[in-house]
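Visitor: So here's run26.pdb (PDB, C-alpha atoms).
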```pdb
MODEL        1
ATOM      1  CA  MET M   1     -26.943  -4.088   9.546
ATOM      2  CA  SER M   2     -28.680  -5.458   6.452
ATOM      3  CA  ASP M   3     -29.841  -1.967   5.467
ATOM      4  CA  SER M   4     -26.335  -0.567   5.972
ATOM      5  CA  THR M   5     -24.829  -3.310   3.809
ATOM      6  CA  THR M   6     -27.342  -2.601   1.041
ATOM      7  CA  MET M   7     -26.656   1.127   1.174
ATOM      8  CA  LEU M   8     -22.906   0.480   1.204
ATOM      9  CA  GLY M   9     -23.159  -1.588  -1.992
ATOM     10  CA  ARG M  10     -25.183   1.192  -3.597
ATOM     11  CA  ASN M  11     -22.589   3.812  -2.689
ATOM     12  CA  PHE M  12     -19.751   1.716  -4.108
ATOM     13  CA  LYS M  13     -21.574   1.330  -7.415
ATOM     14  CA  HIS M  14     -21.993   5.099  -7.583
ATOM     15  CA  THR M  15     -18.276   5.593  -6.853
ATOM     16  CA  ILE M  16     -17.201   3.212  -9.618
ATOM     17  CA  ARG M  17     -19.466   5.044 -12.073
ATOM     18  CA  ASN M  18     -17.937   8.398 -11.103
ATOM     19  CA  PRO M  19     -14.387   8.586 -12.533
ATOM     20  CA  THR M  20     -13.888  12.064 -11.069
ATOM     21  CA  ALA M  21     -14.363  10.706  -7.563
ATOM     22  CA  VAL M  22     -11.883   7.909  -8.267
ATOM     23  CA  PHE M  23      -9.363  10.434  -9.643
ATOM     24  CA  ASN M  24      -9.685  12.768  -6.650
ATOM     25  CA  ALA M  25      -9.515   9.937  -4.150
ATOM     26  CA  ILE M  26      -6.614   7.928  -5.585
ATOM     27  CA  LEU M  27      -4.767   9.412  -8.548
ATOM     28  CA  PHE M  28      -4.547  13.063  -7.535
ATOM     29  CA  PRO M  29      -2.790  12.413  -4.176
ATOM     30  CA  ILE M  30      -0.232  10.286  -6.034
ATOM     31  CA  ILE M  31       0.333  13.110  -8.518
ATOM     32  CA  LEU M  32       0.808  15.521  -5.611
ATOM     33  CA  LEU M  33       3.315  13.174  -3.988
ATOM     34  CA  LEU M  34       5.311  12.884  -7.217
ATOM     35  CA  MET M  35       5.221  16.637  -7.753
ATOM     36  CA  PHE M  36       6.277  17.624  -4.239
ATOM     37  CA  VAL M  37       9.079  15.059  -4.001
ATOM     38  CA  TYR M  38      10.536  15.224  -7.513
ATOM     39  CA  VAL M  39       9.758  18.821  -8.544
ATOM     40  CA  ILE M  40       9.986  21.069  -5.486
ATOM     41  CA  GLY M  41      11.017  18.754  -2.644
ATOM     42  CA  GLY M  42      14.696  19.578  -3.132
ATOM     43  CA  ALA M  43      14.033  23.183  -2.098
ATOM     44  CA  PHE M  44      12.934  22.150   1.391
ATOM     45  CA  ASP M  45      15.392  21.472   4.202
ATOM     46  CA  VAL M  46      13.465  19.326   6.673
ATOM     47  CA  GLY M  47      16.386  17.481   8.276
ATOM     48  CA  VAL M  48      15.487  14.069   6.803
ATOM     49  CA  LYS M  49      14.822  12.619   3.356
ATOM     50  CA  TYR M  50      11.945  14.637   1.976
ATOM     51  CA  ILE M  51       9.993  11.528   0.940
ATOM     52  CA  ASP M  52      10.072  10.356   4.574
ATOM     53  CA  TYR M  53       8.869  13.760   5.734
ATOM     54  CA  ALA M  54       6.183  14.255   3.083
ATOM     55  CA  THR M  55       4.527  10.828   3.027
ATOM     56  CA  PRO M  56       2.616  11.171   6.344
ATOM     57  CA  GLY M  57       1.273  14.527   5.192
ATOM     58  CA  MET M  58       0.251  13.045   1.850
ATOM     59  CA  ILE M  59      -1.627  10.292   3.661
ATOM     60  CA  ILE M  60      -3.735  12.907   5.443
ATOM     61  CA  LEU M  61      -4.149  14.853   2.194
ATOM     62  CA  THR M  62      -5.418  11.641   0.598
ATOM     63  CA  ILE M  63      -8.111  11.391   3.265
ATOM     64  CA  CYS M  64      -9.260  14.941   2.566
ATOM     65  CA  TYR M  65      -9.191  14.777  -1.233
ATOM     66  CA  GLY M  66     -11.931  12.166  -1.393
ATOM     67  CA  LEU M  67     -14.391  14.139   0.740
ATOM     68  CA  SER M  68     -16.027  16.322  -1.909
ATOM     69  CA  ALA M  69     -17.563  13.267  -3.598
ATOM     70  CA  THR M  70     -19.087  12.228  -0.268
ATOM     71  CA  ALA M  71     -20.607  15.658   0.352
ATOM     72  CA  MET M  72     -22.120  15.712  -3.134
ATOM     73  CA  ALA M  73     -23.487  12.176  -2.842
ATOM     74  CA  VAL M  74     -25.120  12.880   0.517
ATOM     75  CA  ASN M  75     -26.681  16.104  -0.735
ATOM     76  CA  SER M  76     -27.865  14.441  -3.926
ATOM     77  CA  ASP M  77     -29.718  11.831  -1.859
ATOM     78  CA  MET M  78     -31.448  14.612   0.066
ATOM     79  CA  THR M  79     -32.347  16.910  -2.824
ATOM     80  CA  LYS M  80     -33.398  14.359  -5.450
ATOM     81  CA  GLY M  81     -36.033  12.569  -3.379
ATOM     82  CA  ILE M  82     -34.100   9.334  -2.824
ATOM     83  CA  ILE M  83     -34.558   9.602   0.930
ATOM     84  CA  ASN M  84     -38.339   9.753   0.525
ATOM     85  CA  ARG M  85     -38.240   6.551  -1.531
ATOM     86  CA  PHE M  86     -36.153   4.885   1.175
ATOM     87  CA  LYS M  87     -38.723   5.945   3.778
ATOM     88  CA  VAL M  88     -41.450   4.204   1.781
ATOM     89  CA  MET M  89     -39.244   1.103   1.559
ATOM     90  CA  ASP M  90     -38.812   1.095   5.336
ATOM     91  CA  ILE M  91     -35.027   1.428   5.217
ATOM     92  CA  SER M  92     -33.324   2.686   8.351
ATOM     93  CA  ARG M  93     -32.469   6.373   8.137
ATOM     94  CA  SER M  94     -29.244   5.881  10.077
ATOM     95  CA  ALA M  95     -28.157   3.249   7.530
ATOM     96  CA  VAL M  96     -28.167   5.877   4.783
ATOM     97  CA  LEU M  97     -25.729   8.117   6.652
ATOM     98  CA  SER M  98     -23.529   5.387   8.111
ATOM     99  CA  ALA M  99     -23.177   3.770   4.670
ATOM    100  CA  HIS M 100     -21.801   7.022   3.264
ATOM    101  CA  VAL M 101     -19.292   7.155   6.126
ATOM    102  CA  VAL M 102     -18.174   3.540   5.707
ATOM    103  CA  ALA M 103     -17.944   3.865   1.911
ATOM    104  CA  THR M 104     -15.797   6.980   2.288
ATOM    105  CA  MET M 105     -13.508   5.256   4.785
ATOM    106  CA  LEU M 106     -13.041   2.166   2.609
ATOM    107  CA  ARG M 107     -12.394   4.269  -0.489
ATOM    108  CA  THR M 108      -9.884   6.292   1.513
ATOM    109  CA  LEU M 109      -8.055   3.219   2.802
ATOM    110  CA  VAL M 110      -7.683   1.915  -0.761
ATOM    111  CA  ALA M 111      -6.307   5.291  -1.846
ATOM    112  CA  ILE M 112      -3.888   5.438   1.101
ATOM    113  CA  THR M 113      -2.620   1.939   0.292
ATOM    114  CA  ALA M 114      -1.889   3.113  -3.254
ATOM    115  CA  VAL M 115      -0.115   6.254  -1.994
ATOM    116  CA  ILE M 116       2.039   4.272   0.441
ATOM    117  CA  GLY M 117       2.913   1.785  -2.309
ATOM    118  CA  VAL M 118       4.064   4.615  -4.601
ATOM    119  CA  ALA M 119       5.950   6.254  -1.703
ATOM    120  CA  LEU M 120       7.806   2.991  -0.985
ATOM    121  CA  ALA M 121       8.769   2.757  -4.644
ATOM    122  CA  MET M 122      10.082   6.342  -4.408
ATOM    123  CA  GLY M 123      12.298   5.504  -1.418
ATOM    124  CA  PHE M 124      10.063   5.957   1.607
ATOM    125  CA  ARG M 125      11.494   3.840   4.422
ATOM    126  CA  PRO M 126       9.394   3.907   7.609
ATOM    127  CA  ALA M 127      11.116   2.855  10.828
ATOM    128  CA  ALA M 128       7.912   1.995  12.678
ATOM    129  CA  SER M 129       7.648  -1.104  14.835
ATOM    130  CA  PHE M 130       4.654  -3.434  14.600
ATOM    131  CA  ALA M 131       2.946  -1.596  17.475
ATOM    132  CA  GLU M 132       3.649   1.774  15.864
ATOM    133  CA  TRP M 133       2.208   0.543  12.568
ATOM    134  CA  LEU M 134      -0.938  -0.475  14.424
ATOM    135  CA  GLY M 135      -1.050   2.972  16.001
ATOM    136  CA  ALA M 136      -0.601   4.643  12.608
ATOM    137  CA  ILE M 137      -3.379   2.550  11.060
ATOM    138  CA  GLY M 138      -5.651   3.295  14.013
ATOM    139  CA  LEU M 139      -4.991   7.023  13.677
ATOM    140  CA  VAL M 140      -5.684   6.960   9.927
ATOM    141  CA  VAL M 141      -8.979   5.150  10.511
ATOM    142  CA  LEU M 142      -9.933   7.624  13.245
ATOM    143  CA  VAL M 143      -9.116  10.646  11.062
ATOM    144  CA  SER M 144     -11.070   9.164   8.162
ATOM    145  CA  PHE M 145     -14.035   8.436  10.443
ATOM    146  CA  ALA M 146     -14.043  11.976  11.864
ATOM    147  CA  THR M 147     -13.669  13.781   8.539
ATOM    148  CA  SER M 148     -16.298  11.537   6.934
ATOM    149  CA  TRP M 149     -18.908  12.464   9.541
ATOM    150  CA  ILE M 150     -18.206  16.194   9.331
ATOM    151  CA  THR M 151     -18.382  15.937   5.523
ATOM    152  CA  VAL M 152     -21.730  14.140   5.717
ATOM    153  CA  ALA M 153     -22.979  16.964   7.947
ATOM    154  CA  LEU M 154     -21.739  19.614   5.518
ATOM    155  CA  GLY M 155     -23.319  17.779   2.596
ATOM    156  CA  LEU M 156     -26.659  17.605   4.381
ATOM    157  CA  ALA M 157     -26.541  21.308   5.246
ATOM    158  CA  ALA M 158     -25.757  22.429   1.675
ATOM    159  CA  LYS M 159     -28.602  23.538  -0.585
ATOM    160  CA  THR M 160     -27.473  21.860  -3.825
ATOM    161  CA  PRO M 161     -25.030  19.110  -4.861
ATOM    162  CA  GLU M 162     -22.837  21.753  -6.494
ATOM    163  CA  SER M 163     -22.577  23.807  -3.306
ATOM    164  CA  ALA M 164     -22.032  20.596  -1.342
ATOM    165  CA  GLY M 165     -18.916  19.960  -3.418
ATOM    166  CA  MET M 166     -17.605  23.381  -2.414
ATOM    167  CA  VAL M 167     -18.237  23.111   1.339
ATOM    168  CA  SER M 168     -15.538  20.448   1.652
ATOM    169  CA  VAL M 169     -12.872  22.759   0.169
ATOM    170  CA  PRO M 170     -11.750  24.088   3.599
ATOM    171  CA  LEU M 171     -11.119  20.507   4.733
ATOM    172  CA  ILE M 172      -9.047  19.928   1.602
ATOM    173  CA  MET M 173      -7.049  23.140   2.075
ATOM    174  CA  LEU M 174      -6.337  22.834   5.808
ATOM    175  CA  PRO M 175      -3.607  20.164   5.433
ATOM    176  CA  PHE M 176      -1.718  22.506   3.081
ATOM    177  CA  LEU M 177      -1.678  25.070   5.909
ATOM    178  CA  SER M 178      -0.205  22.560   8.340
ATOM    179  CA  SER M 179       3.111  20.756   8.688
ATOM    180  CA  ALA M 180       2.222  18.364   5.853
ATOM    181  CA  ILE M 181       4.577  19.935   3.309
ATOM    182  CA  VAL M 182       7.095  21.882   5.411
ATOM    183  CA  PRO M 183       7.634  22.317   9.179
ATOM    184  CA  ALA M 184       5.315  24.896  10.715
ATOM    185  CA  ASP M 185       8.217  26.802  12.294
ATOM    186  CA  THR M 186       9.535  27.742   8.819
ATOM    187  CA  MET M 187       6.340  29.613   7.931
ATOM    188  CA  ALA M 188       5.702  33.345   8.137
ATOM    189  CA  VAL M 189       4.301  34.910  11.290
ATOM    190  CA  GLY M 190       0.554  34.472  11.414
ATOM    191  CA  VAL M 191       0.532  31.477   9.113
ATOM    192  CA  ARG M 192       2.867  29.665  11.519
ATOM    193  CA  GLN M 193       0.555  30.231  14.484
ATOM    194  CA  PHE M 194      -2.442  29.099  12.471
ATOM    195  CA  ALA M 195      -0.595  25.965  11.340
ATOM    196  CA  GLU M 196       0.476  25.121  14.883
ATOM    197  CA  TYR M 197      -3.017  25.321  16.376
ATOM    198  CA  GLN M 198      -5.216  23.870  13.654
ATOM    199  CA  PRO M 199      -6.243  20.187  13.959
ATOM    200  CA  PHE M 200      -4.250  18.656  11.109
ATOM    201  CA  THR M 201      -0.793  19.626  12.365
ATOM    202  CA  PRO M 202      -0.868  17.460  15.540
ATOM    203  CA  ILE M 203      -2.526  14.687  13.529
ATOM    204  CA  ILE M 204       0.214  14.762  10.887
ATOM    205  CA  GLU M 205       2.988  15.090  13.480
ATOM    206  CA  THR M 206       1.585  12.089  15.360
ATOM    207  CA  LEU M 207       1.417  10.006  12.183
ATOM    208  CA  ARG M 208       4.914  11.131  11.191
ATOM    209  CA  GLY M 209       6.263  10.215  14.620
ATOM    210  CA  LEU M 210       4.655   6.770  14.490
ATOM    211  CA  LEU M 211       6.005   6.009  11.015
ATOM    212  CA  THR M 212       9.518   7.228  11.842
ATOM    213  CA  GLY M 213       9.626   5.314  15.126
ATOM    214  CA  ASP M 214       9.625   8.462  17.280
ATOM    215  CA  PRO M 215       6.033   9.016  18.485
ATOM    216  CA  SER M 216       5.098  11.882  20.797
ATOM    217  CA  ALA M 217       2.507  11.275  23.508
ATOM    218  CA  GLY M 218       1.581  14.971  23.596
ATOM    219  CA  SER M 219       0.862  15.142  19.877
ATOM    220  CA  ALA M 220      -1.015  11.837  20.000
ATOM    221  CA  ILE M 221      -3.337  13.011  22.781
ATOM    222  CA  THR M 222      -4.045  16.268  20.946
ATOM    223  CA  ALA M 223      -4.633  14.433  17.654
ATOM    224  CA  VAL M 224      -7.051  11.936  19.168
ATOM    225  CA  ALA M 225      -8.898  14.713  21.009
ATOM    226  CA  TRP M 226      -9.337  16.648  17.762
ATOM    227  CA  CYS M 227     -10.577  13.540  15.931
ATOM    228  CA  VAL M 228     -13.075  12.633  18.640
ATOM    229  CA  GLY M 229     -14.355  16.202  18.793
ATOM    230  CA  ILE M 230     -14.732  16.487  15.008
ATOM    231  CA  ALA M 231     -16.463  13.093  14.787
ATOM    232  CA  LEU M 232     -18.882  13.955  17.591
ATOM    233  CA  VAL M 233     -19.775  17.329  16.087
ATOM    234  CA  GLY M 234     -20.231  15.800  12.655
ATOM    235  CA  TYR M 235     -22.369  12.947  13.946
ATOM    236  CA  LEU M 236     -24.692  15.114  16.027
ATOM    237  CA  TRP M 237     -24.936  17.757  13.306
ATOM    238  CA  SER M 238     -25.717  15.081  10.712
ATOM    239  CA  LEU M 239     -28.516  13.567  12.797
ATOM    240  CA  ALA M 240     -30.047  16.960  13.549
ATOM    241  CA  THR M 241     -29.923  18.111   9.909
ATOM    242  CA  PHE M 242     -31.146  14.784   8.562
ATOM    243  CA  LYS M 243     -34.091  14.760  10.956
ATOM    244  CA  LYS M 244     -34.973  18.307   9.956
ATOM    245  CA  ARG M 245     -34.750  17.823   6.201
ATOM    246  CA  ALA M 246     -35.838  14.194   5.706
TER
ENDMDL
END
```
Could I get this structure in the form of structure tokens?

Guide:
Amino acid sequence: MSDSTTMLGRNFKHTIRNPTAVFNAILFPIILLLMFVYVIGGAFDVGVKYIDYATPGMIILTICYGLSATAMAVNSDMTKGIINRFKVMDISRSAVLSAHVVATMLRTLVAITAVIGVALAMGFRPAASFAEWLGAIGLVVLVSFATSWITVALGLAAKTPESAGMVSVPLIMLPFLSSAIVPADTMAVGVRQFAEYQPFTPIIETLRGLLTGDPSAGSAITAVAWCVGIALVGYLWSLATFKKRA
């Protein structure tokens, strides 16, 4: 625990010194929210106020937009010899990885709080009960945990910090090909089927249902199953890659 706390403090210092990471994690999702609602949101007929429809999707987009910095930081630790120095200092190897995950989750939660605050100022009015808010927060934490572990794995597998920044691009793009912006059933054939069966659509629909006071048990089960599966794959892949390369 002491090693993890030390590594967590180190990661936060690196984040503060990296304005690009702060921009991607916090400011860019807010810019996207403003653009989609005020610029092109009027073109979408989603049956409810567009800000109410778009905010859950933007929350998931916020989670994904901060992942490239994590992948680059993890890879930088591996390729620049920092891990070897930690081994000499007798610091737990697992603390290095878990600190990256926790730092990513905390950074993400701060960014999501900012996005929700801006959304409320723009007219977002969730109808969730206290229990549904707890469910929404739990789902956000679970999604952040799962995507953080898979990003750590991708960062470890990449050859350079630059390529590590690119391997997270599919995770960033997937929410755009889901029901985050528009309902999946309005999409063209092929794209619609992909959107319906990829992991972020049930996750977003579950979060949307919780925040609007109309949760779906089917979507929730699918969303949790996807998150658990992604987290497990990312965790096991991270350990295997770290053991091989460290």

Visitor: Kindly provide, as number ranges by chain, the polymer residues lying within 12 Å of (1.8, 14.1, 5.4), counting all atoms listed in the file and using the coordinates exactly as they appear in the file.

Guide: M: 29, 32-33, 36-37, 50-64, 112, 115-116, 119, 140, 174-183, 200-209, 211

Visitor: Since I can't run it myself right now, could you work out what the PyMOL selection byres ((chain M and resi 145) around 9) selects here and report it as a list in words?

Guide: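 For this structure, the PyMOL selection byres ((chain M and resi 145) around 9) resolves to Val101, Val102, Thr104, Met105, Val140, Val141, Leu142, Val143, Ser144, Ala146, Thr147, Ser148, Trp149, Ile150, Cys227 and Ala231 of chain M.
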
Visitor: Name the residues captured by the PyMOL selection byres ((chain M and resi 71) around 9) when it is applied to the shown file; answer as number ranges by chain.

Guide: M: 67-70, 72-76, 148, 151-156, 158, 161, 164-168

Visitor: Can you write out the residues you just picked, keeping C-alpha atoms, as a short mmCIF file (atom, residue, chain, number, x, y, z; two decimals), keeping the file's coordinate frame?

Guide:
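Result went into part02.cif, see below:
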```cif
data_model
loop_
_atom_site.label_atom_id
_atom_site.label_comp_id
_atom_site.auth_asym_id
_atom_site.auth_seq_id
_atom_site.Cartn_x
_atom_site.Cartn_y
_atom_site.Cartn_z
CA LEU M 67 -14.39 14.14 0.74
CA SER M 68 -16.03 16.32 -1.91
CA ALA M 69 -17.56 13.27 -3.60
CA THR M 70 -19.09 12.23 -0.27
CA MET M 72 -22.12 15.71 -3.13
CA ALA M 73 -23.49 12.18 -2.84
CA VAL M 74 -25.12 12.88 0.52
CA ASN M 75 -26.68 16.10 -0.74
CA SER M 76 -27.86 14.44 -3.93
CA SER M 148 -16.30 11.54 6.93
CA THR M 151 -18.38 15.94 5.52
CA VAL M 152 -21.73 14.14 5.72
CA ALA M 153 -22.98 16.96 7.95
CA LEU M 154 -21.74 19.61 5.52
CA GLY M 155 -23.32 17.78 2.60
CA LEU M 156 -26.66 17.60 4.38
CA ALA M 158 -25.76 22.43 1.68
CA PRO M 161 -25.03 19.11 -4.86
CA ALA M 164 -22.03 20.60 -1.34
CA GLY M 165 -18.92 19.96 -3.42
CA MET M 166 -17.60 23.38 -2.41
CA VAL M 167 -18.24 23.11 1.34
CA SER M 168 -15.54 20.45 1.65
#
```

Visitor: Return the single residue from M:Asp214, M:Thr186, M:Phe242, M:Gly229 that is closest to Asp45 in chain M, with distances computed using only C-alpha atoms.

Guide: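 Of all the options, M:Thr186 lies closest to Asp45 in chain M.
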
Visitor: Between M:Ile26, M:Thr241, M:Ala217, M:Val48, which is the closest to Arg125 in chain M once you count only C-alpha atoms?

Guide: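 Of the candidates, the smallest distance to Arg125 in chain M is held by M:Val48.
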
Visitor: Could you tell me how far CA of Glu196 in chain M lies from CA of Ala136 in chain M, in Å and to one decimal?

Guide: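 According to the coordinates, CA of Glu196 in chain M and CA of Ala136 in chain M are separated by 20.6 Å.
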
Visitor: What does the distance between CA of Ala127 in chain M and CA of Leu109 in chain M come to in Å, to one decimal place?

Guide: 20.8 Å

Visitor: Taking only C-alpha atoms into account, name the residue in M:Ala43, M:Val96, M:Leu236, M:Val224 that is nearest to Gly138 in chain M.

Guide: M:Val224

Visitor: What's the separation between CA of Ala111 in chain M and CA of Ile30 in chain M, in Å to one decimal place?

Guide: 8.9 Å

Visitor: For Ser129 in chain M, work out the shell of residues within 9 Å, counting only C-alpha atoms and skipping chain neighbours fewer than 2 positions away, then give it as a ChimeraX atom specification.

Guide: /M:126-127,131-134,210-211,213

Visitor: Would you please take range 52-69 of chain M of the structure in the block above and write N, CA, C and O atoms to a file as a PDB file, in the first residue's frame?

Guide:
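Listing of selection.pdb after writing:
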```
ATOM      1  N   ASP M  52     -29.977  15.983 -22.504  1.00  0.00           N
ATOM      2  CA  ASP M  52     -30.243  14.832 -21.652  1.00  0.00           C
ATOM      3  C   ASP M  52     -29.798  13.532 -22.317  1.00  0.00           C
ATOM      4  O   ASP M  52     -29.362  12.593 -21.638  1.00  0.00           O
ATOM      5  N   TYR M  53     -29.933  13.493 -23.651  1.00  0.00           N
ATOM      6  CA  TYR M  53     -29.505  12.292 -24.371  1.00  0.00           C
ATOM      7  C   TYR M  53     -27.980  12.210 -24.461  1.00  0.00           C
ATOM      8  O   TYR M  53     -27.397  11.141 -24.297  1.00  0.00           O
ATOM      9  N   ALA M  54     -27.335  13.338 -24.730  1.00  0.00           N
ATOM     10  CA  ALA M  54     -25.904  13.329 -25.038  1.00  0.00           C
ATOM     11  C   ALA M  54     -25.009  13.216 -23.813  1.00  0.00           C
ATOM     12  O   ALA M  54     -23.905  12.665 -23.907  1.00  0.00           O
ATOM     13  N   THR M  55     -25.450  13.718 -22.668  1.00  0.00           N
ATOM     14  CA  THR M  55     -24.568  13.766 -21.500  1.00  0.00           C
ATOM     15  C   THR M  55     -24.042  12.393 -21.070  1.00  0.00           C
ATOM     16  O   THR M  55     -22.841  12.258 -20.808  1.00  0.00           O
ATOM     17  N   PRO M  56     -24.864  11.343 -20.987  1.00  0.00           N
ATOM     18  CA  PRO M  56     -24.302  10.032 -20.631  1.00  0.00           C
ATOM     19  C   PRO M  56     -23.227   9.562 -21.607  1.00  0.00           C
ATOM     20  O   PRO M  56     -22.205   8.998 -21.198  1.00  0.00           O
ATOM     21  N   GLY M  57     -23.442   9.803 -22.894  1.00  0.00           N
ATOM     22  CA  GLY M  57     -22.421   9.438 -23.872  1.00  0.00           C
ATOM     23  C   GLY M  57     -21.149  10.235 -23.687  1.00  0.00           C
ATOM     24  O   GLY M  57     -20.037   9.701 -23.830  1.00  0.00           O
ATOM     25  N   MET M  58     -21.283  11.516 -23.357  1.00  0.00           N
ATOM     26  CA  MET M  58     -20.106  12.355 -23.138  1.00  0.00           C
ATOM     27  C   MET M  58     -19.331  11.924 -21.895  1.00  0.00           C
ATOM     28  O   MET M  58     -18.108  12.073 -21.830  1.00  0.00           O
ATOM     29  N   ILE M  59     -20.037  11.395 -20.910  1.00  0.00           N
ATOM     30  CA  ILE M  59     -19.361  10.887 -19.722  1.00  0.00           C
ATOM     31  C   ILE M  59     -18.450   9.724 -20.096  1.00  0.00           C
ATOM     32  O   ILE M  59     -17.298   9.639 -19.650  1.00  0.00           O
ATOM     33  N   ILE M  60     -18.950   8.823 -20.935  1.00  0.00           N
ATOM     34  CA  ILE M  60     -18.126   7.691 -21.368  1.00  0.00           C
ATOM     35  C   ILE M  60     -16.999   8.165 -22.277  1.00  0.00           C
ATOM     36  O   ILE M  60     -15.866   7.674 -22.193  1.00  0.00           O
ATOM     37  N   LEU M  61     -17.283   9.146 -23.146  1.00  0.00           N
ATOM     38  CA  LEU M  61     -16.224   9.715 -23.975  1.00  0.00           C
ATOM     39  C   LEU M  61     -15.127  10.341 -23.118  1.00  0.00           C
ATOM     40  O   LEU M  61     -13.941  10.260 -23.447  1.00  0.00           O
ATOM     41  N   THR M  62     -15.517  10.958 -22.019  1.00  0.00           N
ATOM     42  CA  THR M  62     -14.545  11.565 -21.106  1.00  0.00           C
ATOM     43  C   THR M  62     -13.607  10.509 -20.541  1.00  0.00           C
ATOM     44  O   THR M  62     -12.397  10.736 -20.409  1.00  0.00           O
ATOM     45  N   ILE M  63     -14.157   9.350 -20.203  1.00  0.00           N
ATOM     46  CA  ILE M  63     -13.321   8.256 -19.700  1.00  0.00           C
ATOM     47  C   ILE M  63     -12.272   7.875 -20.737  1.00  0.00           C
ATOM     48  O   ILE M  63     -11.088   7.702 -20.426  1.00  0.00           O
ATOM     49  N   CYS M  64     -12.699   7.772 -21.987  1.00  0.00           N
ATOM     50  CA  CYS M  64     -11.804   7.292 -23.044  1.00  0.00           C
ATOM     51  C   CYS M  64     -10.767   8.329 -23.457  1.00  0.00           C
ATOM     52  O   CYS M  64      -9.639   7.964 -23.840  1.00  0.00           O
ATOM     53  N   TYR M  65     -11.116   9.619 -23.383  1.00  0.00           N
ATOM     54  CA  TYR M  65     -10.198  10.638 -23.876  1.00  0.00           C
ATOM     55  C   TYR M  65      -8.960  10.810 -23.001  1.00  0.00           C
ATOM     56  O   TYR M  65      -7.961  11.374 -23.454  1.00  0.00           O
ATOM     57  N   GLY M  66      -8.992  10.347 -21.785  1.00  0.00           N
ATOM     58  CA  GLY M  66      -7.805  10.471 -20.944  1.00  0.00           C
ATOM     59  C   GLY M  66      -6.881   9.272 -21.000  1.00  0.00           C
ATOM     60  O   GLY M  66      -5.865   9.237 -20.292  1.00  0.00           O
ATOM     61  N   LEU M  67      -7.187   8.290 -21.857  1.00  0.00           N
ATOM     62  CA  LEU M  67      -6.441   7.028 -21.828  1.00  0.00           C
ATOM     63  C   LEU M  67      -5.097   7.095 -22.533  1.00  0.00           C
ATOM     64  O   LEU M  67      -4.172   6.363 -22.165  1.00  0.00           O
ATOM     65  N   SER M  68      -4.963   7.934 -23.548  1.00  0.00           N
ATOM     66  CA  SER M  68      -3.697   7.966 -24.286  1.00  0.00           C
ATOM     67  C   SER M  68      -2.536   8.389 -23.385  1.00  0.00           C
ATOM     68  O   SER M  68      -1.424   7.862 -23.509  1.00  0.00           O
ATOM     69  N   ALA M  69      -2.788   9.307 -22.469  1.00  0.00           N
ATOM     70  CA  ALA M  69      -1.729   9.741 -21.542  1.00  0.00           C
ATOM     71  C   ALA M  69      -1.288   8.587 -20.653  1.00  0.00           C
ATOM     72  O   ALA M  69      -0.097   8.458 -20.341  1.00  0.00           O
TER      73      ALA M  69
END
```
